[in-house]
>>> print(open('target-v9.txt').read())   # compact mmCIF, C-alpha atoms
# COMPACT_ATOMS: atom_id res chain seq x y z
CA MET A 1 -12.88 16.80 -0.45
CA PRO A 2 -10.92 13.58 -0.97
CA ASP A 3 -12.23 11.91 2.21
CA LEU A 4 -15.87 12.54 1.30
CA SER A 5 -15.24 11.42 -2.27
CA SER A 6 -13.73 8.17 -0.98
CA ARG A 7 -16.73 7.53 1.27
CA VAL A 8 -19.14 8.22 -1.60
CA LEU A 9 -17.28 5.75 -3.81
CA GLU A 10 -17.19 3.18 -1.02
CA LEU A 11 -20.96 3.33 -0.56
CA ILE A 12 -21.64 3.01 -4.28
CA ALA A 13 -19.03 0.32 -4.94
CA SER A 14 -20.35 -1.79 -2.06
CA GLY A 15 -23.97 -1.40 -3.14
CA GLN A 16 -25.05 0.35 0.07
CA ALA A 17 -26.20 3.43 -1.85
CA SER A 18 -27.23 4.20 -5.42
CA SER A 19 -28.54 7.77 -5.23
CA ARG A 20 -27.55 11.17 -3.91
CA THR A 21 -30.36 11.01 -1.35
CA GLU A 22 -29.18 7.68 0.07
CA ILE A 23 -25.59 8.90 0.22
CA ALA A 24 -26.58 12.05 2.08
CA GLN A 25 -28.64 10.05 4.58
CA LEU A 26 -25.91 7.46 5.24
CA LEU A 27 -23.12 10.03 5.58
CA GLY A 28 -25.16 12.65 7.41
CA ALA A 29 -23.93 15.20 4.88
CA ALA A 30 -25.75 18.12 3.31
CA PRO A 31 -27.48 17.15 0.03
CA SER A 32 -25.84 20.10 -1.74
CA THR A 33 -22.38 18.91 -0.64
CA VAL A 34 -23.09 15.36 -1.80
CA SER A 35 -24.39 16.62 -5.15
CA HIS A 36 -21.22 18.66 -5.63
CA VAL A 37 -18.95 15.67 -4.92
CA VAL A 38 -21.03 13.34 -7.09
CA GLY A 39 -20.96 15.92 -9.88
CA GLN A 40 -17.16 16.02 -9.78
CA LEU A 41 -16.92 12.22 -9.88
CA LEU A 42 -19.37 12.09 -12.77
CA GLY A 43 -17.38 14.74 -14.63
CA HIS A 44 -14.20 12.68 -14.32
CA GLY A 45 -15.93 9.48 -15.43
CA ILE A 46 -15.33 7.68 -12.12
CA LEU A 47 -19.09 7.50 -11.59
CA ALA A 48 -21.87 7.11 -14.13
CA GLU A 49 -25.57 7.90 -13.84
CA GLU A 50 -28.27 6.01 -15.65
CA GLY A 51 -31.93 4.93 -15.55
CA THR A 52 -34.21 5.59 -12.63
CA ASP A 53 -34.60 3.97 -9.25
CA VAL A 54 -37.92 2.99 -7.71
CA SER A 55 -39.39 6.16 -6.29
CA THR A 56 -42.04 6.66 -3.61
CA GLY A 57 -43.27 9.83 -5.28
CA GLY A 58 -42.00 13.01 -6.78
CA ARG A 59 -39.19 13.15 -9.30
CA PRO A 60 -37.62 9.77 -10.16
CA ARG A 61 -34.09 9.31 -8.87
CA LYS A 62 -31.11 8.68 -11.11
CA VAL A 63 -29.13 5.54 -10.28
CA LEU A 64 -25.41 5.97 -9.64
CA ARG A 65 -22.86 3.29 -10.45
CA ILE A 66 -19.12 2.95 -10.89
CA GLY A 67 -18.03 4.50 -14.19
CA GLY A 68 -17.34 1.68 -16.62
CA SER A 69 -19.93 -1.06 -17.01
CA ASP A 70 -17.15 -3.62 -17.51
CA GLU A 71 -15.16 -2.77 -14.38
CA TYR A 72 -14.42 -5.50 -11.88
CA ALA A 73 -11.90 -6.92 -9.40
CA VAL A 74 -10.52 -10.41 -8.99
CA ALA A 75 -10.39 -11.70 -5.43
CA ALA A 76 -9.34 -14.67 -3.35
CA ASP A 77 -10.37 -15.83 0.12
CA VAL A 78 -7.48 -17.94 1.40
CA GLY A 79 -7.83 -20.71 3.96
CA GLY A 80 -5.33 -23.15 5.40
CA GLY A 81 -5.83 -25.80 2.72
CA HIS A 82 -8.05 -24.18 0.11
CA VAL A 83 -8.79 -20.88 -1.62
CA ARG A 84 -12.06 -19.48 -2.93
CA ILE A 85 -11.59 -17.28 -5.99
CA GLY A 86 -13.91 -15.23 -8.17
CA ILE A 87 -14.70 -12.06 -10.09
CA VAL A 88 -16.31 -9.32 -7.97
CA LEU A 89 -18.41 -6.59 -9.57
CA PRO A 90 -19.35 -3.18 -8.11
CA GLY A 91 -22.24 -3.77 -5.73
CA GLY A 92 -20.95 -7.21 -4.70
CA ALA A 93 -22.19 -9.48 -7.50
CA LEU A 94 -19.96 -12.49 -8.16
CA GLU A 95 -18.94 -14.38 -11.27
CA SER A 96 -16.85 -17.50 -11.95
CA VAL A 97 -16.58 -18.52 -8.27
CA SER A 98 -14.74 -21.72 -7.43
CA THR A 99 -12.91 -23.34 -4.53
CA VAL A 100 -9.61 -25.10 -5.18
CA PRO A 101 -6.87 -26.68 -3.02
CA PHE A 102 -4.23 -24.26 -1.78
CA ALA A 103 -1.12 -24.94 0.31
CA LEU A 104 -0.79 -21.91 2.60
CA ALA A 105 2.08 -23.62 4.42
CA ASP A 106 4.23 -23.53 1.25
CA GLY A 107 4.98 -19.88 1.98
CA PRO A 108 4.31 -16.63 0.12
CA THR A 109 6.56 -17.08 -2.92
CA ALA A 110 5.08 -20.39 -4.03
CA GLY A 111 1.63 -19.53 -2.71
CA LEU A 112 1.28 -16.20 -4.51
CA ALA A 113 2.63 -17.66 -7.74
CA ALA A 114 -0.03 -20.39 -7.64
CA LEU A 115 -2.70 -17.86 -6.71
CA ALA A 116 -1.69 -15.49 -9.51
CA GLU A 117 -2.05 -18.30 -12.03
CA LEU A 118 -5.62 -18.92 -10.89
CA LEU A 119 -6.54 -15.23 -10.95
CA ASP A 120 -4.84 -14.67 -14.31
CA ALA A 121 -7.25 -17.19 -15.80
CA LEU A 122 -10.19 -15.13 -14.49
CA VAL A 123 -8.72 -11.92 -15.91
CA THR A 124 -8.27 -13.58 -19.31
CA GLU A 125 -11.87 -14.79 -19.16
CA ARG A 126 -13.32 -11.35 -18.27
CA GLY A 127 -10.96 -9.11 -20.24
CA ARG A 128 -8.04 -7.13 -18.83
CA ASP A 129 -9.38 -3.70 -19.80
CA GLY A 130 -11.97 -3.66 -17.00
CA LEU A 131 -9.68 -4.88 -14.19
CA ARG A 132 -9.69 -2.30 -11.38
CA GLY A 133 -7.93 -4.18 -8.57
CA VAL A 134 -6.97 -7.43 -6.85
CA GLY A 135 -8.27 -8.36 -3.40
CA LEU A 136 -6.96 -10.96 -0.98
CA SER A 137 -8.49 -12.22 2.27
CA LEU A 138 -5.92 -13.88 4.54
CA PRO A 139 -6.29 -15.96 7.75
CA GLY A 140 -3.98 -13.84 9.88
CA PRO A 141 -3.33 -10.30 11.16
CA VAL A 142 -2.75 -7.83 8.32
CA ASP A 143 -1.16 -4.38 8.20
CA VAL A 144 -3.50 -2.97 5.57
CA GLU A 145 -1.52 0.17 4.77
CA ALA A 146 1.81 -1.65 4.47
CA GLY A 147 0.21 -4.54 2.60
CA VAL A 148 1.89 -7.22 4.72
CA VAL A 149 0.88 -10.02 7.07
CA ASP A 150 1.80 -9.06 10.63
CA LEU A 151 2.96 -11.79 13.06
CA PRO A 152 0.63 -14.59 11.90
CA SER A 153 0.49 -17.71 14.05
CA ARG A 154 -0.82 -20.02 11.30
CA MET A 155 1.00 -18.70 8.21
CA PRO A 156 4.64 -19.88 8.33
CA GLY A 157 6.96 -17.74 6.24
CA TRP A 158 4.39 -15.01 5.47
CA ASN A 159 5.34 -12.55 8.23
CA GLY A 160 6.35 -9.20 6.74
CA PHE A 161 6.21 -10.41 3.13
CA PRO A 162 5.07 -7.56 0.80
CA VAL A 163 1.94 -9.34 -0.42
CA ALA A 164 0.11 -6.29 -1.79
CA ALA A 165 3.20 -4.99 -3.59
CA TRP A 166 3.77 -8.42 -5.15
CA LEU A 167 0.20 -8.53 -6.45
CA THR A 168 0.35 -4.95 -7.75
CA GLU A 169 3.56 -5.66 -9.64
CA HIS A 170 2.17 -8.86 -11.16
CA PHE A 171 -1.26 -7.55 -12.19
CA GLY A 172 -0.44 -3.89 -12.80
CA VAL A 173 -3.40 -2.62 -10.74
CA PRO A 174 -3.85 -1.66 -7.07
CA ALA A 175 -4.06 -4.57 -4.62
CA ALA A 176 -5.84 -4.73 -1.26
CA ILE A 177 -5.25 -7.35 1.43
CA ASP A 178 -7.00 -7.75 4.76
CA ASN A 179 -7.81 -10.22 7.51
CA ASP A 180 -10.44 -12.82 6.64
CA ALA A 181 -12.87 -11.77 9.39
CA ASN A 182 -12.67 -8.12 8.26
CA CYS A 183 -13.34 -9.14 4.67
CA MET A 184 -16.29 -11.24 5.78
CA ALA A 185 -17.73 -8.36 7.83
CA ALA A 186 -17.35 -5.90 4.95
CA GLY A 187 -18.85 -8.34 2.47
CA GLU A 188 -21.80 -9.12 4.71
CA GLN A 189 -22.49 -5.41 5.21
CA THR A 190 -23.14 -5.00 1.47
CA VAL A 191 -26.34 -7.08 1.72
CA GLN A 192 -27.64 -5.80 5.05
CA PRO A 193 -30.61 -3.41 5.31
CA SER A 194 -29.60 0.24 5.49
CA THR A 195 -30.97 0.37 9.05
CA ARG A 196 -28.28 -2.05 10.27
CA ARG A 197 -25.26 0.17 10.74
CA GLN A 198 -23.56 -1.46 13.75
CA ALA A 199 -22.60 -5.13 13.58
CA ILE A 200 -20.22 -7.85 14.69
CA THR A 201 -19.44 -10.61 12.19
CA VAL A 202 -17.73 -13.71 13.53
CA LYS A 203 -15.81 -16.18 11.40
CA ALA A 204 -15.81 -19.53 13.18
CA GLY A 205 -13.72 -22.03 11.26
CA SER A 206 -10.41 -23.69 12.03
CA ALA A 207 -9.66 -20.48 13.93
CA ILE A 208 -11.91 -17.69 15.23
CA GLY A 209 -11.98 -14.02 14.30
CA ALA A 210 -14.41 -11.12 14.24
CA GLY A 211 -14.96 -8.00 12.15
CA ILE A 212 -16.63 -4.86 13.49
CA ILE A 213 -18.89 -2.53 11.54
CA ILE A 214 -19.46 0.94 13.01
CA ASP A 215 -21.89 3.29 11.25
CA GLY A 216 -21.79 1.03 8.20
CA HIS A 217 -18.00 1.18 7.95
CA LEU A 218 -15.39 -1.45 8.87
CA TYR A 219 -13.54 -0.53 12.06
CA ARG A 220 -9.96 -1.79 12.23
CA GLY A 221 -8.73 -0.09 15.40
CA SER A 222 -5.49 1.84 15.93
CA THR A 223 -3.21 -1.04 14.88
CA GLY A 224 -5.62 -3.06 12.75
CA ALA A 225 -6.30 -5.63 15.47
CA ALA A 226 -9.91 -4.71 16.31
CA GLY A 227 -12.15 -7.76 16.63
CA ASP A 228 -9.39 -10.20 17.58
CA ILE A 229 -11.49 -12.11 20.10
CA THR A 230 -9.71 -15.40 19.48
CA HIS A 231 -7.07 -14.67 22.12
CA VAL A 232 -9.41 -13.54 24.89
CA ARG A 233 -8.75 -15.62 28.01
CA ILE A 234 -11.61 -17.87 29.10
CA ASP A 235 -11.86 -19.96 32.29
CA ALA A 236 -12.95 -23.10 30.45
CA ALA A 237 -9.65 -23.16 28.56
CA GLY A 238 -7.56 -23.46 31.72
CA ASP A 239 -3.86 -23.58 30.86
CA THR A 240 -4.27 -25.05 27.37
CA PRO A 241 -1.47 -23.64 25.19
CA CYS A 242 -2.54 -21.47 22.27
CA SER A 243 -0.89 -20.86 18.88
CA CYS A 244 -0.21 -17.27 20.01
CA GLY A 245 2.17 -18.52 22.72
CA ASN A 246 -0.22 -17.74 25.57
CA THR A 247 -2.52 -20.14 27.40
CA GLY A 248 -6.27 -20.31 28.00
CA CYS A 249 -7.39 -18.45 24.85
CA LEU A 250 -10.87 -18.82 23.35
CA GLU A 251 -9.31 -20.44 20.28
CA THR A 252 -8.22 -23.43 22.36
CA VAL A 253 -11.80 -24.45 23.21
CA ALA A 254 -14.10 -22.96 20.56
CA SER A 255 -12.35 -23.17 17.17
CA GLY A 256 -12.46 -25.95 14.61
CA ALA A 257 -8.85 -26.85 15.41
CA ALA A 258 -9.76 -27.09 19.10
CA LEU A 259 -12.71 -29.36 18.35
CA VAL A 260 -10.47 -31.69 16.35
CA ARG A 261 -8.04 -31.90 19.29
CA ILE A 262 -10.79 -32.37 21.89
CA LEU A 263 -12.57 -35.08 19.93
CA ARG A 264 -9.38 -36.96 19.13
CA GLU A 265 -8.49 -36.95 22.82
CA ALA A 266 -11.95 -38.47 23.41
CA GLY A 267 -11.23 -41.23 20.91
CA VAL A 268 -13.27 -39.88 17.99
CA ASP A 269 -11.71 -40.42 14.55
CA VAL A 270 -11.40 -36.87 13.15
CA SER A 271 -8.53 -35.12 11.41
CA SER A 272 -10.05 -31.83 10.19
CA THR A 273 -12.78 -29.30 10.90
CA GLN A 274 -14.65 -30.76 7.93
CA ASP A 275 -14.71 -34.12 9.76
CA VAL A 276 -16.19 -32.41 12.82
CA VAL A 277 -18.90 -30.78 10.72
CA ARG A 278 -19.73 -34.07 9.01
CA LEU A 279 -20.09 -35.95 12.30
CA ALA A 280 -22.14 -33.18 13.91
CA SER A 281 -24.41 -33.11 10.84
CA GLU A 282 -24.95 -36.84 11.36
CA ALA A 283 -25.91 -36.19 15.02
CA HIS A 284 -22.86 -37.98 16.43
CA PRO A 285 -23.44 -37.56 20.21
CA GLU A 286 -19.90 -36.73 21.37
CA THR A 287 -19.32 -34.36 18.45
CA THR A 288 -22.66 -32.60 18.92
CA ARG A 289 -21.90 -32.06 22.59
CA ALA A 290 -18.46 -30.63 21.80
CA VAL A 291 -19.92 -28.32 19.15
CA ARG A 292 -22.55 -27.03 21.59
CA LEU A 293 -19.87 -26.29 24.18
CA ALA A 294 -17.79 -24.47 21.59
CA GLY A 295 -20.79 -22.29 20.71
CA ARG A 296 -21.41 -21.59 24.37
CA TYR A 297 -17.79 -20.52 24.96
CA LEU A 298 -17.88 -18.26 21.93
CA GLY A 299 -21.14 -16.77 23.22
CA GLU A 300 -19.53 -16.01 26.59
CA VAL A 301 -16.78 -13.95 24.99
CA LEU A 302 -19.15 -12.32 22.50
CA ALA A 303 -21.53 -11.31 25.29
CA ALA A 304 -19.00 -8.89 26.80
CA ASN A 305 -18.46 -7.32 23.38
CA VAL A 306 -22.19 -7.13 22.62
CA ASN A 307 -22.96 -5.52 25.99
CA PHE A 308 -20.20 -2.97 25.41
CA PHE A 309 -20.89 -2.24 21.74
CA ASN A 310 -24.69 -2.66 21.54
CA PRO A 311 -24.77 -3.67 17.83
CA ASP A 312 -27.81 -4.11 15.58
CA ALA A 313 -26.70 -7.57 14.51
CA VAL A 314 -24.34 -10.46 15.18
CA SER A 315 -23.62 -12.46 12.04
CA LEU A 316 -22.05 -15.90 12.27
CA GLY A 317 -19.89 -17.14 9.41
CA GLY A 318 -17.29 -19.81 8.83
CA ILE A 319 -17.81 -23.56 8.53
CA LEU A 320 -18.95 -24.02 12.15
CA SER A 321 -21.84 -21.62 11.54
CA THR A 322 -23.38 -24.24 9.24
CA LEU A 323 -24.16 -26.35 12.33
CA ASP A 324 -27.48 -25.67 14.07
CA PRO A 325 -26.26 -26.75 17.55
CA PHE A 326 -23.36 -24.28 17.32
CA VAL A 327 -25.52 -21.33 16.23
CA ALA A 328 -28.21 -22.16 18.81
CA ALA A 329 -25.62 -22.30 21.61
CA VAL A 330 -24.15 -18.90 20.65
CA ARG A 331 -27.60 -17.33 20.46
CA SER A 332 -28.71 -18.84 23.78
CA GLN A 333 -25.58 -17.64 25.58
CA LEU A 334 -25.98 -14.13 24.26
CA TYR A 335 -29.59 -13.89 25.41
CA GLU A 336 -28.60 -15.29 28.79
CA SER A 337 -25.55 -13.09 29.36
CA CYS A 338 -26.50 -9.75 27.77
CA HIS A 339 -28.68 -7.01 29.20
CA PRO A 340 -32.29 -7.14 27.89
CA LEU A 341 -31.96 -3.64 26.42
CA VAL A 342 -29.01 -4.86 24.34
CA THR A 343 -30.80 -7.94 22.98
CA GLN A 344 -34.21 -6.26 22.59
CA HIS A 345 -33.73 -5.70 18.86
CA LEU A 346 -30.52 -7.66 18.33
CA VAL A 347 -30.48 -9.89 15.24
CA ILE A 348 -28.38 -13.05 15.66
CA GLU A 349 -28.14 -15.05 12.46
CA ARG A 350 -25.89 -16.80 10.00
CA ALA A 351 -24.06 -14.57 7.52
CA SER A 352 -26.39 -14.05 4.57
CA LEU A 353 -23.59 -14.48 2.02
CA GLY A 354 -22.31 -17.67 3.61
CA ALA A 355 -18.98 -18.82 2.17
CA ASP A 356 -18.97 -15.90 -0.30
CA ALA A 357 -18.86 -13.12 2.31
CA GLY A 358 -15.06 -12.95 2.52
CA LEU A 359 -14.70 -13.04 -1.25
CA VAL A 360 -17.16 -10.16 -1.69
CA GLY A 361 -15.39 -8.13 1.00
CA ALA A 362 -11.93 -8.65 -0.50
CA GLY A 363 -13.24 -7.68 -3.93
CA GLN A 364 -14.92 -4.54 -2.60
CA PHE A 365 -11.69 -3.47 -0.89
CA ALA A 366 -9.87 -3.97 -4.20
CA LEU A 367 -12.44 -1.91 -6.12
CA GLN A 368 -12.23 0.86 -3.53
CA ARG A 369 -8.42 0.81 -3.71
CA GLY A 370 -8.60 1.10 -7.49
CA LEU A 371 -11.06 4.00 -7.29
CA ALA A 372 -8.91 5.74 -4.68
CA ALA A 373 -5.96 5.47 -7.05
CA SER A 374 -8.06 7.17 -9.72
CA LEU A 375 -8.89 9.97 -7.29
CA GLU A 376 -5.22 10.44 -6.46
CA GLU A 377 -4.37 10.70 -10.14
CA LEU A 378 -7.02 13.40 -10.58
CA SER A 379 -5.78 15.41 -7.59
CA THR A 380 -2.10 15.24 -8.58
CA PRO A 381 -1.03 18.52 -10.15
CA VAL A 382 -0.03 18.16 -13.78
CA PRO A 383 3.44 19.65 -14.35
CA LEU A 384 3.59 22.51 -16.81
CA ARG A 385 5.11 21.61 -20.12
CA THR A 386 8.21 23.51 -21.04
CA THR A 387 8.61 24.70 -24.60
CA ARG A 388 11.92 24.84 -26.35
CA ASN A 389 12.97 27.81 -28.42
CA ARG A 390 12.87 26.76 -31.99
CA SER A 391 14.79 28.42 -34.77
CA THR A 392 12.69 29.54 -37.65
CA ARG A 393 13.84 28.54 -41.04
CA VAL A 394 13.37 31.26 -43.63
>>> encode(input="target-v9.txt", output="structure tokens")
Amino acid sequence: MPDLSSRVLELIASGQASSRTEIAQLLGAAPSTVSHVVGQLLGHGILAEEGTDVSTGGRPRKVLRIGGSDEYAVAADVGGGHVRIGIVLPGGALESVSTVPFALADGPTAGLAALAELLDALVTERGRDGLRGVGLSLPGPVDVEAGVVDLPSRMPGWNGFPVAAWLTEHFGVPAAIDNDANCMAAGEQTVQPSTRRQAITVKAGSAIGAGIIIDGHLYRGSTGAAGDITHVRIDAAGDTPCSCGNTGCLETVASGAALVRILREAGVDVSSTQDVVRLASEAHPETTRAVRLAGRYLGEVLAANVNFFNPDAVSLGGILSTLDPFVAAVRSQLYESCHPLVTQHLVIERASLGADAGLVGAGQFALQRGLAASLEELSTPVPLRTTRNRSTRV
């Protein structure tokens, strides 16, 4: 039952479940089946069981956790000019988090070497024995299985580079890479109530992306491009050229990069998304108006997805989500454009983990990849040893 074992480990590693009962409920599996799988994982030392959880009556429940108490992953959430790094523990807790400058435009060889130096320092600090995996969140399309960036529009030189293989060779443990919006969605799911199983998480920063959670699990689509709302055509964009080579995409009117362009054309002195956020936070009239429009345009595109998908929650992340006018405009547009049955119980809020959501998601993917490797090792048949005929000395 490798698939069920992987799902069990995913739920425990992400902190969504800590008991057999919770696992059975979330997976819709028979309690006896779950107990059998958990028993196997306990027997192999991949899981451990300790203490008791808070019980509402009856026999106290044992708490399940990943095997070693010192196990962890190192992870990085890469942006255009900076990277957020940290140690990620099973369940999503973070240690030693920091944000440092990072030149994505320098290409993968120089970029990964600089990144490895930063992560090596974290490994030295925590101890190499507990390292389970390395996770990387990247601002472009990712082929997760191949471990490469796939036709990125904002990552010159990275297309097709074997990022995951490079990290695995350097660190000697499994590596997981994914798109930044997917990592943010997965990270955010670790802190959501168990009743929220369907969600859309939007990362609104210099660019725009979205991650989709279905039944508590990240949905990537058939080619890994699920949630790529940034290149949806929108009337307000007209024929404005987009980084993808098309025209009229959402990114050209609702992203941080678009706001910088729009405001500069209006004579406002801005050079980065951070400048836009600063001016909007100071209630600069032209900037506030532009931010509201960006939120409205994002809401228009999201509305079609929300009506179709009917999620429990829409979480807004990325630097633009720190601005009240932006969040209010998205929320207002969704209530205006969606069917009342869809918005009746819909939660629209900022991502609970804020800037840490992508880091937590990347780390969880790395932990899951490491645990999956352990499962593969256990399921690989051990070759029989051959014995040589030995002469007996008399």
>>> residues_around(input="target-v9.txt", residues="Gly157 of chain A", least_positions_apart="6", cutoff="9 Å", atoms="only C-alpha atoms", output="PDB file with C-alpha atoms, keeping the file's coordinate frame")
ATOM      1  CA  ALA A 105       2.080 -23.620   4.420  1.00  0.00           C
ATOM      2  CA  ASP A 106       4.230 -23.530   1.250  1.00  0.00           C
ATOM      3  CA  GLY A 107       4.980 -19.880   1.980  1.00  0.00           C
ATOM      4  CA  PRO A 108       4.310 -16.630   0.120  1.00  0.00           C
TER       5      PRO A 108
END
>>> closest_atom_pairs(input="target-v9.txt", of="segment 174-219 of chain A", to="segment 253-267 of chain A", cutoff="8 Å", atoms="only C-alpha atoms", output="Markdown table")
| residue | atom | partner | partner_atom | distance |
| --- | --- | --- | --- | --- |
| A:Ala204 | CA | A:Ser255 | CA | 6.4 |
| A:Gly205 | CA | A:Gly256 | CA | 5.3 |
| A:Ser206 | CA | A:Gly256 | CA | 4.0 |
| A:Ala207 | CA | A:Ser255 | CA | 5.0 |
| A:Ile208 | CA | A:Ser255 | CA | 5.8 |
>>> write_last_selection(input="target-v9.txt", atoms="C-alpha atoms", output="compact mmCIF listing (two decimals), keeping the file's coordinate frame")
# COMPACT_ATOMS: atom_id res chain seq x y z
CA ALA A 204 -15.81 -19.53 13.18
CA GLY A 205 -13.72 -22.03 11.26
CA SER A 206 -10.41 -23.69 12.03
CA ALA A 207 -9.66 -20.48 13.93
CA ILE A 208 -11.91 -17.69 15.23
>>> closest_residue(input="target-v9.txt", among="A:Glu376, A:Leu302, A:Thr195, A:Val134", to="Asp3 of chain A", atoms="only C-alpha atoms")
A:Glu376
>>> residues_around(input="target-v9.txt", residues="segment 117-127 of chain A", least_positions_apart="4", cutoff="12 Å", atoms="all atoms listed in the file", output="ChimeraX atom specification")
/A:70-77,83-89,94-102,110-113,131-136,167,170-173
>>> residues_around(input="target-v9.txt", residues="segment 306-317 of chain A", least_positions_apart="6", cutoff="8 Å", atoms="all atoms listed in the file", output="MDAnalysis selection string")
chainID A and resid 184 196:204 327 338:339 342 345:351 354:355
>>> closest_residue(input="target-v9.txt", among="A:Ser19, A:Ser222, A:Gln25, A:Ser352", to="Gly187 of chain A", atoms="only C-alpha atoms")
A:Ser352
>>> closest_residue(input="target-v9.txt", among="A:Ala24, A:Ile234, A:Ala164, A:Ile66", to="His44 of chain A", atoms="all atoms listed in the file")
A:Ile66
>>> atom_distance(input="target-v9.txt", atom1="atom CA of Gly361 of chain A", atom2="atom CA of His217 of chain A")
11.9 Å
>>> closest_residue(input="target-v9.txt", among="A:Gly28, A:Pro285, A:Pro340, A:Gly160", to="Asp215 of chain A", atoms="all atoms listed in the file")
A:Gly28
>>> closest_residue(input="target-v9.txt", among="A:Met155, A:Leu26, A:Ala176, A:Leu42", to="Gly363 of chain A", atoms="only C-alpha atoms")
A:Ala176
>>> atom_distance(input="target-v9.txt", atom1="atom CA of Leu47 of chain A", atom2="atom CA of Ala30 of chain A")
19.5 Å
>>> closest_residue(input="target-v9.txt", among="A:Leu371, A:Ala165, A:Ala226, A:Cys242", to="Ser153 of chain A", atoms="all atoms listed in the file")
A:Cys242
>>> residues_near_point(input="target-v9.txt", point="(-13.2, 6.8, -3.2)", cutoff="10 Å", atoms="only C-alpha atoms", output="MDAnalysis selection string")
chainID A and resid 2:13 41 46 367:376
>>> atom_distance(input="target-v9.txt", atom1="atom CA of Thr190 of chain A", atom2="atom CA of Gly92 of chain A")
6.9 Å
>>> residues_around(input="target-v9.txt", residues="Val163 of chain A", least_positions_apart="5", cutoff="9 Å", atoms="all atoms listed in the file", output="MDAnalysis selection string")
chainID A and resid 108 112 147:149 158 168 175 177
>>> axis_aligned_box(input="target-v9.txt", around="segment 115-118 of chain A", padding_each_side="3 Å", output="lines of an AutoDock Vina configuration file")
center_x = -3.7
center_y = -17.2
center_z = -9.4
size_x = 9.9
size_y = 9.4
size_z = 11.3
>>> residues_near_point(input="target-v9.txt", point="(-21.8, -33.4, 11.1)", cutoff="12 Å", atoms="only C-alpha atoms", output="PyMOL selection string")
chain A and resi 270+272-291+319-326
>>> residues_around(input="target-v9.txt", residues="Gly299 of chain A", least_positions_apart="5", cutoff="9 Å", atoms="only C-alpha atoms", output="VMD selection string")
chain A and resid 294 304 329 to 334 337
